[in-house]
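Data block for start_8.txt (compact mmCIF, C-alpha atoms):
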```txt
# COMPACT_ATOMS: atom_id res chain seq x y z
CA MET G 1 -73.47 -123.62 -112.22
CA THR G 2 -73.97 -125.45 -115.48
CA GLY G 3 -71.21 -127.68 -116.78
CA GLU G 4 -67.49 -127.30 -116.52
CA THR G 5 -65.93 -123.87 -116.17
CA THR G 6 -62.56 -122.63 -117.27
CA SER G 7 -60.23 -119.79 -116.34
CA PHE G 8 -57.55 -117.73 -118.03
CA VAL G 9 -54.85 -115.61 -116.44
CA TYR G 10 -53.04 -112.95 -118.44
CA VAL G 11 -50.08 -110.96 -117.23
CA THR G 12 -48.41 -108.01 -118.85
CA TYR G 13 -45.73 -105.63 -117.61
CA ILE G 14 -46.26 -102.01 -118.58
CA ALA G 15 -43.90 -99.06 -118.13
CA SER G 16 -46.52 -96.88 -116.48
CA THR G 17 -48.17 -96.20 -113.14
CA PRO G 18 -51.05 -98.08 -111.47
CA GLU G 19 -53.19 -94.93 -111.69
CA LYS G 20 -52.73 -94.66 -115.44
CA VAL G 21 -53.47 -98.36 -115.99
CA PHE G 22 -56.61 -98.15 -113.85
CA GLU G 23 -57.77 -95.06 -115.75
CA ALA G 24 -57.06 -96.67 -119.10
CA ILE G 25 -59.48 -99.47 -118.19
CA THR G 26 -62.21 -97.39 -116.56
CA LYS G 27 -62.25 -94.12 -118.53
CA PRO G 28 -64.28 -94.46 -121.74
CA GLU G 29 -62.32 -91.88 -123.73
CA LEU G 30 -59.06 -93.73 -122.98
CA ALA G 31 -60.33 -97.27 -123.59
CA ALA G 32 -61.75 -96.15 -126.95
CA ARG G 33 -58.22 -95.39 -128.13
CA TYR G 34 -56.68 -98.84 -127.60
CA TRP G 35 -59.64 -101.20 -127.09
CA GLY G 36 -62.05 -99.91 -129.74
CA HIS G 37 -64.65 -100.04 -127.00
CA GLU G 38 -65.57 -97.92 -124.03
CA ASN G 39 -66.14 -99.35 -120.57
CA VAL G 40 -68.90 -97.23 -119.11
CA SER G 41 -69.93 -97.25 -115.45
CA ASP G 42 -69.68 -95.20 -112.28
CA TRP G 43 -67.54 -98.15 -111.05
CA LYS G 44 -69.29 -98.35 -107.69
CA PRO G 45 -69.77 -101.86 -106.28
CA GLY G 46 -73.22 -103.07 -107.29
CA SER G 47 -73.42 -100.76 -110.32
CA LYS G 48 -73.75 -102.01 -113.87
CA TRP G 49 -71.07 -101.56 -116.49
CA GLN G 50 -71.32 -101.68 -120.25
CA HIS G 51 -68.75 -102.42 -122.95
CA ILE G 52 -69.73 -100.22 -125.87
CA ARG G 53 -68.24 -100.31 -129.35
CA ALA G 54 -66.56 -96.95 -129.89
CA ASN G 55 -68.02 -96.19 -133.30
CA ASN G 56 -71.18 -94.53 -134.61
CA ASP G 57 -73.33 -97.59 -133.89
CA ARG G 58 -72.35 -97.61 -130.20
CA THR G 59 -73.48 -101.20 -129.84
CA VAL G 60 -73.51 -102.47 -126.25
CA GLU G 61 -71.63 -105.74 -126.64
CA LEU G 62 -70.95 -106.78 -123.05
CA VAL G 63 -72.56 -105.99 -119.75
CA GLY G 64 -72.04 -106.92 -116.14
CA ASN G 65 -71.93 -105.77 -112.56
CA VAL G 66 -69.19 -104.08 -110.63
CA VAL G 67 -68.22 -106.43 -107.80
CA GLU G 68 -65.28 -104.66 -106.21
CA THR G 69 -63.46 -101.40 -106.86
CA ALA G 70 -60.19 -100.42 -105.18
CA PRO G 71 -58.45 -97.87 -107.38
CA PRO G 72 -55.75 -98.00 -108.58
CA ASN G 73 -55.02 -101.62 -107.68
CA ARG G 74 -58.05 -103.76 -108.13
CA LEU G 75 -61.30 -103.98 -110.09
CA VAL G 76 -63.61 -107.00 -110.17
CA ILE G 77 -66.55 -107.17 -112.58
CA THR G 78 -68.91 -109.75 -113.97
CA TRP G 79 -68.92 -110.14 -117.74
CA ALA G 80 -71.63 -111.40 -120.09
CA SER G 81 -72.68 -110.78 -123.66
CA ALA G 82 -75.48 -108.22 -123.74
CA SER G 83 -77.92 -110.82 -125.10
CA GLN G 84 -77.34 -113.04 -122.03
CA ALA G 85 -77.43 -110.27 -119.43
CA ASP G 86 -80.37 -111.83 -117.57
CA ASP G 87 -78.83 -115.31 -117.28
CA PRO G 88 -76.66 -115.44 -114.12
CA ALA G 89 -74.90 -118.60 -115.35
CA ALA G 90 -73.68 -116.70 -118.42
CA HIS G 91 -71.86 -114.14 -116.28
CA SER G 92 -68.15 -114.83 -116.00
CA ARG G 93 -65.87 -112.87 -113.73
CA VAL G 94 -62.94 -110.60 -114.58
CA THR G 95 -60.39 -109.41 -112.01
CA PHE G 96 -57.92 -106.68 -112.86
CA ASP G 97 -55.01 -106.71 -110.44
CA ILE G 98 -52.61 -103.80 -110.83
CA ALA G 99 -49.37 -103.86 -108.84
CA GLU G 100 -46.20 -101.84 -108.93
CA TYR G 101 -43.29 -103.97 -110.09
CA GLU G 102 -39.89 -102.29 -109.94
CA ASP G 103 -40.35 -99.24 -112.15
CA MET G 104 -43.25 -100.84 -114.02
CA VAL G 105 -46.75 -102.08 -113.43
CA ARG G 106 -47.70 -105.72 -113.41
CA LEU G 107 -51.23 -106.05 -114.73
CA THR G 108 -52.89 -109.42 -114.14
CA VAL G 109 -56.25 -110.06 -115.76
CA SER G 110 -57.95 -113.20 -114.45
CA HIS G 111 -61.03 -114.32 -116.32
CA ASP G 112 -62.86 -116.98 -114.29
CA GLU G 113 -66.14 -118.84 -114.28
CA LEU G 114 -66.28 -119.12 -118.05
CA ILE G 115 -68.29 -122.01 -119.45
CA ALA G 116 -65.69 -124.34 -120.99
CA GLY G 117 -65.85 -124.45 -124.77
CA SER G 118 -68.41 -121.63 -124.96
CA GLY G 119 -68.25 -118.94 -127.60
CA MET G 120 -67.38 -116.46 -124.87
CA ALA G 121 -64.45 -118.60 -123.61
CA ASN G 122 -63.07 -118.94 -127.15
CA GLY G 123 -63.64 -115.27 -127.88
CA ILE G 124 -61.90 -113.91 -124.81
CA ALA G 125 -58.96 -116.31 -125.26
CA LYS G 126 -58.31 -114.61 -128.60
CA GLY G 127 -59.25 -111.16 -127.39
CA TRP G 128 -57.32 -110.55 -124.17
CA PRO G 129 -53.79 -110.93 -125.59
CA VAL G 130 -54.66 -108.39 -128.31
CA VAL G 131 -56.27 -105.94 -125.89
CA LEU G 132 -53.44 -106.20 -123.37
CA SER G 133 -50.74 -105.76 -126.03
CA SER G 134 -52.64 -102.76 -127.30
CA LEU G 135 -53.02 -101.30 -123.79
CA LYS G 136 -49.27 -101.71 -123.22
CA SER G 137 -48.50 -100.06 -126.54
CA PHE G 138 -50.96 -97.24 -125.83
CA LEU G 139 -49.54 -96.41 -122.40
CA GLU G 140 -45.90 -96.76 -123.44
CA THR G 141 -46.00 -95.12 -126.87
CA GLY G 142 -49.30 -93.23 -126.94
CA ARG G 143 -50.59 -95.47 -129.73
CA GLY G 144 -52.78 -98.53 -129.38
CA LEU G 145 -52.91 -101.35 -131.91
CA ASP G 146 -55.74 -102.08 -134.32
CA VAL G 147 -57.69 -104.53 -132.18
CA PHE G 148 -60.05 -105.39 -135.03
CA ALA G 149 -57.27 -106.38 -137.43
CA GLU G 150 -57.78 -109.74 -139.12
CA PRO G 151 -55.14 -111.88 -140.81
CA LYS G 152 -55.28 -111.12 -144.52
CA ALA G 153 -55.76 -113.92 -147.03
CA ALA G 154 -52.68 -114.26 -149.26
CA MET I 1 -39.93 -110.35 -119.72
CA ASP I 2 -37.67 -109.22 -122.52
CA ASP I 3 -37.53 -110.87 -125.93
CA ASP I 4 -34.33 -112.72 -125.01
CA SER I 5 -35.97 -114.51 -122.11
CA VAL I 6 -39.04 -115.33 -124.24
CA PHE I 7 -36.99 -116.92 -127.01
CA ARG I 8 -34.66 -118.65 -124.56
CA ALA I 9 -37.66 -120.13 -122.80
CA LEU I 10 -39.13 -121.32 -126.10
CA GLY I 11 -35.83 -122.83 -127.24
CA ASP I 12 -36.41 -126.11 -125.44
CA PRO I 13 -38.74 -128.96 -126.46
CA THR I 14 -39.82 -129.76 -122.89
CA ARG I 15 -40.88 -126.18 -122.25
CA ARG I 16 -42.76 -126.04 -125.54
CA LYS I 17 -44.49 -129.26 -124.53
CA LEU I 18 -45.45 -127.69 -121.19
CA LEU I 19 -47.02 -124.78 -123.07
CA ASP I 20 -48.86 -127.25 -125.34
CA LEU I 21 -50.23 -129.01 -122.26
CA LEU I 22 -51.45 -125.71 -120.84
CA CYS I 23 -53.04 -124.82 -124.18
CA GLU I 24 -55.02 -128.04 -123.97
CA THR I 25 -55.98 -127.57 -120.32
CA ASN I 26 -55.25 -124.26 -118.73
CA GLY I 27 -54.69 -123.91 -115.00
CA GLN I 28 -52.91 -127.20 -114.16
CA THR I 29 -51.01 -128.09 -111.01
CA LEU I 30 -47.38 -129.18 -111.04
CA GLY I 31 -48.51 -132.74 -110.34
CA GLU I 32 -50.87 -132.80 -113.32
CA LEU I 33 -48.19 -131.43 -115.62
CA CYS I 34 -45.60 -133.96 -114.38
CA ALA I 35 -48.01 -136.84 -114.98
CA ASN I 36 -48.35 -135.76 -118.62
CA LEU I 37 -44.61 -135.31 -119.11
CA ASP I 38 -43.15 -138.35 -117.39
CA MET I 39 -40.78 -136.01 -115.62
CA ALA I 40 -39.54 -135.54 -112.07
CA ARG I 41 -41.09 -132.68 -110.13
CA GLN I 42 -37.79 -130.95 -109.61
CA SER I 43 -36.98 -130.83 -113.29
CA ALA I 44 -40.50 -129.69 -114.21
CA THR I 45 -40.30 -126.99 -111.54
CA GLN I 46 -37.12 -125.64 -113.14
CA HIS I 47 -38.67 -125.54 -116.60
CA LEU I 48 -41.81 -123.86 -115.26
CA GLY I 49 -39.63 -121.31 -113.46
CA ILE I 50 -37.94 -120.36 -116.74
CA LEU I 51 -41.35 -120.07 -118.45
CA GLU I 52 -42.62 -117.94 -115.57
CA ASP I 53 -39.57 -115.66 -115.67
CA ALA I 54 -40.26 -115.12 -119.37
CA ASN I 55 -43.90 -114.31 -118.45
CA LEU I 56 -45.11 -117.15 -120.67
CA VAL I 57 -46.67 -118.89 -117.69
CA SER I 58 -48.49 -117.20 -114.83
CA THR I 59 -49.37 -118.87 -111.56
CA VAL I 60 -52.26 -118.44 -109.18
CA ARG I 61 -52.62 -119.91 -105.71
CA ARG I 62 -56.01 -121.47 -105.11
CA GLY I 63 -56.08 -122.82 -101.58
CA ARG I 64 -53.19 -125.21 -101.21
CA GLU I 65 -52.75 -125.62 -104.95
CA LYS I 66 -50.64 -123.58 -107.32
CA LEU I 67 -52.19 -123.48 -110.77
CA HIS I 68 -50.22 -122.75 -113.94
CA PHE I 69 -51.74 -120.75 -116.79
CA ILE I 70 -50.31 -120.12 -120.24
CA ASN I 71 -49.85 -116.39 -120.75
CA PRO I 72 -49.81 -115.65 -124.48
CA VAL I 73 -49.37 -111.87 -124.13
CA PRO I 74 -45.58 -111.90 -124.82
CA LEU I 75 -46.18 -114.13 -127.85
CA HIS I 76 -48.73 -111.66 -129.12
CA GLU I 77 -46.08 -108.93 -128.83
CA VAL I 78 -43.73 -111.09 -130.91
CA TYR I 79 -46.52 -111.48 -133.45
CA GLU I 80 -47.16 -107.73 -133.54
CA ARG I 81 -43.52 -106.97 -134.06
CA TRP I 82 -42.56 -109.51 -136.68
CA VAL I 83 -45.69 -110.91 -138.30
CA ARG I 84 -48.21 -108.09 -138.42
CA LYS I 85 -45.54 -105.72 -139.68
CA PHE I 86 -44.90 -107.95 -142.69
CA GLU I 87 -48.59 -108.27 -143.35
CA ARG I 88 -48.89 -104.50 -143.41
CA GLN I 89 -45.95 -104.19 -145.79
CA ARG I 90 -47.45 -106.76 -148.08
CA LEU I 91 -50.73 -104.89 -147.99
CA SER I 92 -49.07 -101.66 -148.91
CA LEU I 93 -47.18 -103.39 -151.74
CA LEU I 94 -50.47 -104.71 -153.08
CA HIS I 95 -51.93 -101.26 -152.75
CA ASP I 96 -49.05 -99.74 -154.72
CA LEU I 97 -49.32 -102.45 -157.35
CA LYS I 98 -53.02 -101.83 -157.73
CA ARG I 99 -52.46 -98.13 -158.17
CA GLU I 100 -49.70 -98.81 -160.67
CA LEU I 101 -51.86 -101.16 -162.73
CA GLU I 102 -55.02 -99.13 -162.55
CA GLY I 103 -53.26 -95.84 -163.03
CA ASP I 104 -53.96 -92.73 -161.09
CA ARG I 105 -57.48 -92.06 -162.18
CA SER I 106 -58.31 -89.38 -159.74
```
Before anything else, please render the file you have as structure tokens.
Amino acid sequence: MTGETTSFVYVTYIASTPEKVFEAITKPELAARYWGHENVSDWKPGSKWQHIRANNDRTVELVGNVVETAPPNRLVITWASASQADDPAAHSRVTFDIAEYEDMVRLTVSHDELIAGSGMANGIAKGWPVVLSSLKSFLETGRGLDVFAEPKAA
Amino acid sequence: MDDDSVFRALGDPTRRKLLDLLCETNGQTLGELCANLDMARQSATQHLGILEDANLVSTVRRGREKLHFINPVPLHEVYERWVRKFERQRLSLLHDLKRELEGDRS
């Protein structure tokens, strides 16, 4: 381990089922509609996964390994930018925990083992709230948000 | 989890300060937060409970410690609903203005 690491924990409540939330994360054609990216893998422990921009370029932006799969409640993956795939220290860890909560689902995304102050730590801190809001909107209304939207200059 | 609980939780300077502290250093224990606030544990626990009920703070048990994390997802939903919407309207106004000024040249 090099340097200090940091963690983030994000929680969102979604009017949906654990199965649908799990599918929305792991099925490329669903993730493309609210994340702008596809998560591609066979989701078996030890397999690789890729986070691919869902446009004509199909750039592989993130890669990692599947650590644990327990549909529809739990998925643990490692997470690194594609350019740092071979550096174990650059792999952070993402845990999706999906639990029924009254008539909703409580989705907890824990992002651990991030290098404090790194570009990845700053990037995901901006990214997860947008992605999770968009996922919630997608599952509840059928429409995701524009995850690439930027504030417009006045 | 609803907007009322989010705004109620934010309507208190101590709770906003707690969120500021978690923005600076995420994943703090109750003890660490109390030290920064000059506040009794019991009072801090109550404030954190209100923040947690509003889903603005999430907690994780690591061994014997309970760590507190800021959860900005509800704030992002507030942003989507009231800020982004206005940005889009402004954009469409600018778009209409541009069409008006440039004329329909198609």
Would you mind listing what lies within 12 Å of stretch 14-17 of chain G as an NGL selection string, with all atoms listed in the file counted and same-chain residues fewer than 4 positions away left out? (:G and (21-24 or 71-73 or 98-108 or 132-142)) or (:I and (1-2 or 73-74))
So that I can see what lies close to G:Ala54, please list as a VMD selection string the residues with an atom at most 10 Å from it, counting all atoms listed in the file and leaving out residues fewer than 2 positions away in the same chain. chain G and resid 28 to 29 31 to 33 35 to 39 51 to 52 56 to 60
Could you write those residues out with C-alpha atoms, as a PDB file, in the frame of the given file?
```pdb
ATOM      1  CA  PRO G  28     -64.280 -94.460-121.740  1.00  0.00           C
ATOM      2  CA  GLU G  29     -62.320 -91.880-123.730  1.00  0.00           C
ATOM      3  CA  ALA G  31     -60.330 -97.270-123.590  1.00  0.00           C
ATOM      4  CA  ALA G  32     -61.750 -96.150-126.950  1.00  0.00           C
ATOM      5  CA  ARG G  33     -58.220 -95.390-128.130  1.00  0.00           C
ATOM      6  CA  TRP G  35     -59.640-101.200-127.090  1.00  0.00           C
ATOM      7  CA  GLY G  36     -62.050 -99.910-129.740  1.00  0.00           C
ATOM      8  CA  HIS G  37     -64.650-100.040-127.000  1.00  0.00           C
ATOM      9  CA  GLU G  38     -65.570 -97.920-124.030  1.00  0.00           C
ATOM     10  CA  ASN G  39     -66.140 -99.350-120.570  1.00  0.00           C
ATOM     11  CA  HIS G  51     -68.750-102.420-122.950  1.00  0.00           C
ATOM     12  CA  ILE G  52     -69.730-100.220-125.870  1.00  0.00           C
ATOM     13  CA  ASN G  56     -71.180 -94.530-134.610  1.00  0.00           C
ATOM     14  CA  ASP G  57     -73.330 -97.590-133.890  1.00  0.00           C
ATOM     15  CA  ARG G  58     -72.350 -97.610-130.200  1.00  0.00           C
ATOM     16  CA  THR G  59     -73.480-101.200-129.840  1.00  0.00           C
ATOM     17  CA  VAL G  60     -73.510-102.470-126.250  1.00  0.00           C
TER      18      VAL G  60
END
```
Nearest residue to chain I out of G:Ser81, G:Gly117, G:Thr12, G:Phe148, using all atoms listed in the file? G:Thr12
Test item: chain I residues at most 7 Å from chain G, counting all atoms listed in the file, as a JSON list (two decimals) with C-alpha atoms, in the coordinates of the input:
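Listing of out_26.json after writing:
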```
[["chain", "number", "residue", "atom", "x", "y", "z"],
["I", 26, "ASN", "CA", -55.25, -124.26, -118.73],
["I", 58, "SER", "CA", -48.49, -117.20, -114.83],
["I", 69, "PHE", "CA", -51.74, -120.75, -116.79],
["I", 71, "ASN", "CA", -49.85, -116.39, -120.75],
["I", 72, "PRO", "CA", -49.81, -115.65, -124.48],
["I", 73, "VAL", "CA", -49.37, -111.87, -124.13],
["I", 76, "HIS", "CA", -48.73, -111.66, -129.12],
["I", 77, "GLU", "CA", -46.08, -108.93, -128.83]]
```
d(atom CA of I:Leu22, atom CA of I:His68) in Å: 7.6 Å
Would you mind listing what lies within 10 Å of stretch 86-91 of chain G as a ChimeraX atom specification, with only C-alpha atoms counted and same-chain residues fewer than 3 positions away left out? /G:1-3,63-65,77-83,94,112-115,118,120
Is it possible to get the axis-aligned box enclosing stretch 38-44 of chain I (all listed atoms, 4 Å extra per side) as AutoDock Vina command-line options, with centre and edge lengths in Å rounded to one decimal?
```
--center_x -40.1 --center_y -134.0 --center_z -113.5 --size_x 14.2 --size_y 16.7 --size_z 15.8
```
Neighbours of G:Val76 within 10 Å (all atoms listed in the file; same-chain residues fewer than 2 positions away dropped), as a ChimeraX atom specification? /G:43,45,65-70,74,78-79,93-97,109-111
Quote the spacing between atom CA of I:Leu18 and atom CA of I:Lys66 in Å to one decimal place. 15.4 Å
Separation of atom CA of I:Arg8 and atom CA of I:Arg81, in Å?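 Separating atom CA of I:Arg8 from atom CA of I:Arg81 is a distance of 17.5 Å.
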Neighbour list for I:Leu21 as a ChimeraX atom specification, cut-off 12 Å, only C-alpha atoms, skip fewer than 2 positions in-chain: /I:14-19,23-30,32-37,57,68-70
Shortest interatomic distance to G:Ile124 - which of G:Leu30, G:Leu75, G:Leu62, G:Val40, counting all atoms listed in the file: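 Selected residue with least distance to G:Ile124: G:Leu62.
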Looking at G:Lys20, G:Asn122, G:Val147, G:Gln84, which one is nearest to G:Arg53, with distances taken over all atoms listed in the file?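 Checking each candidate against G:Arg53, we get G:Val147 as the closest.
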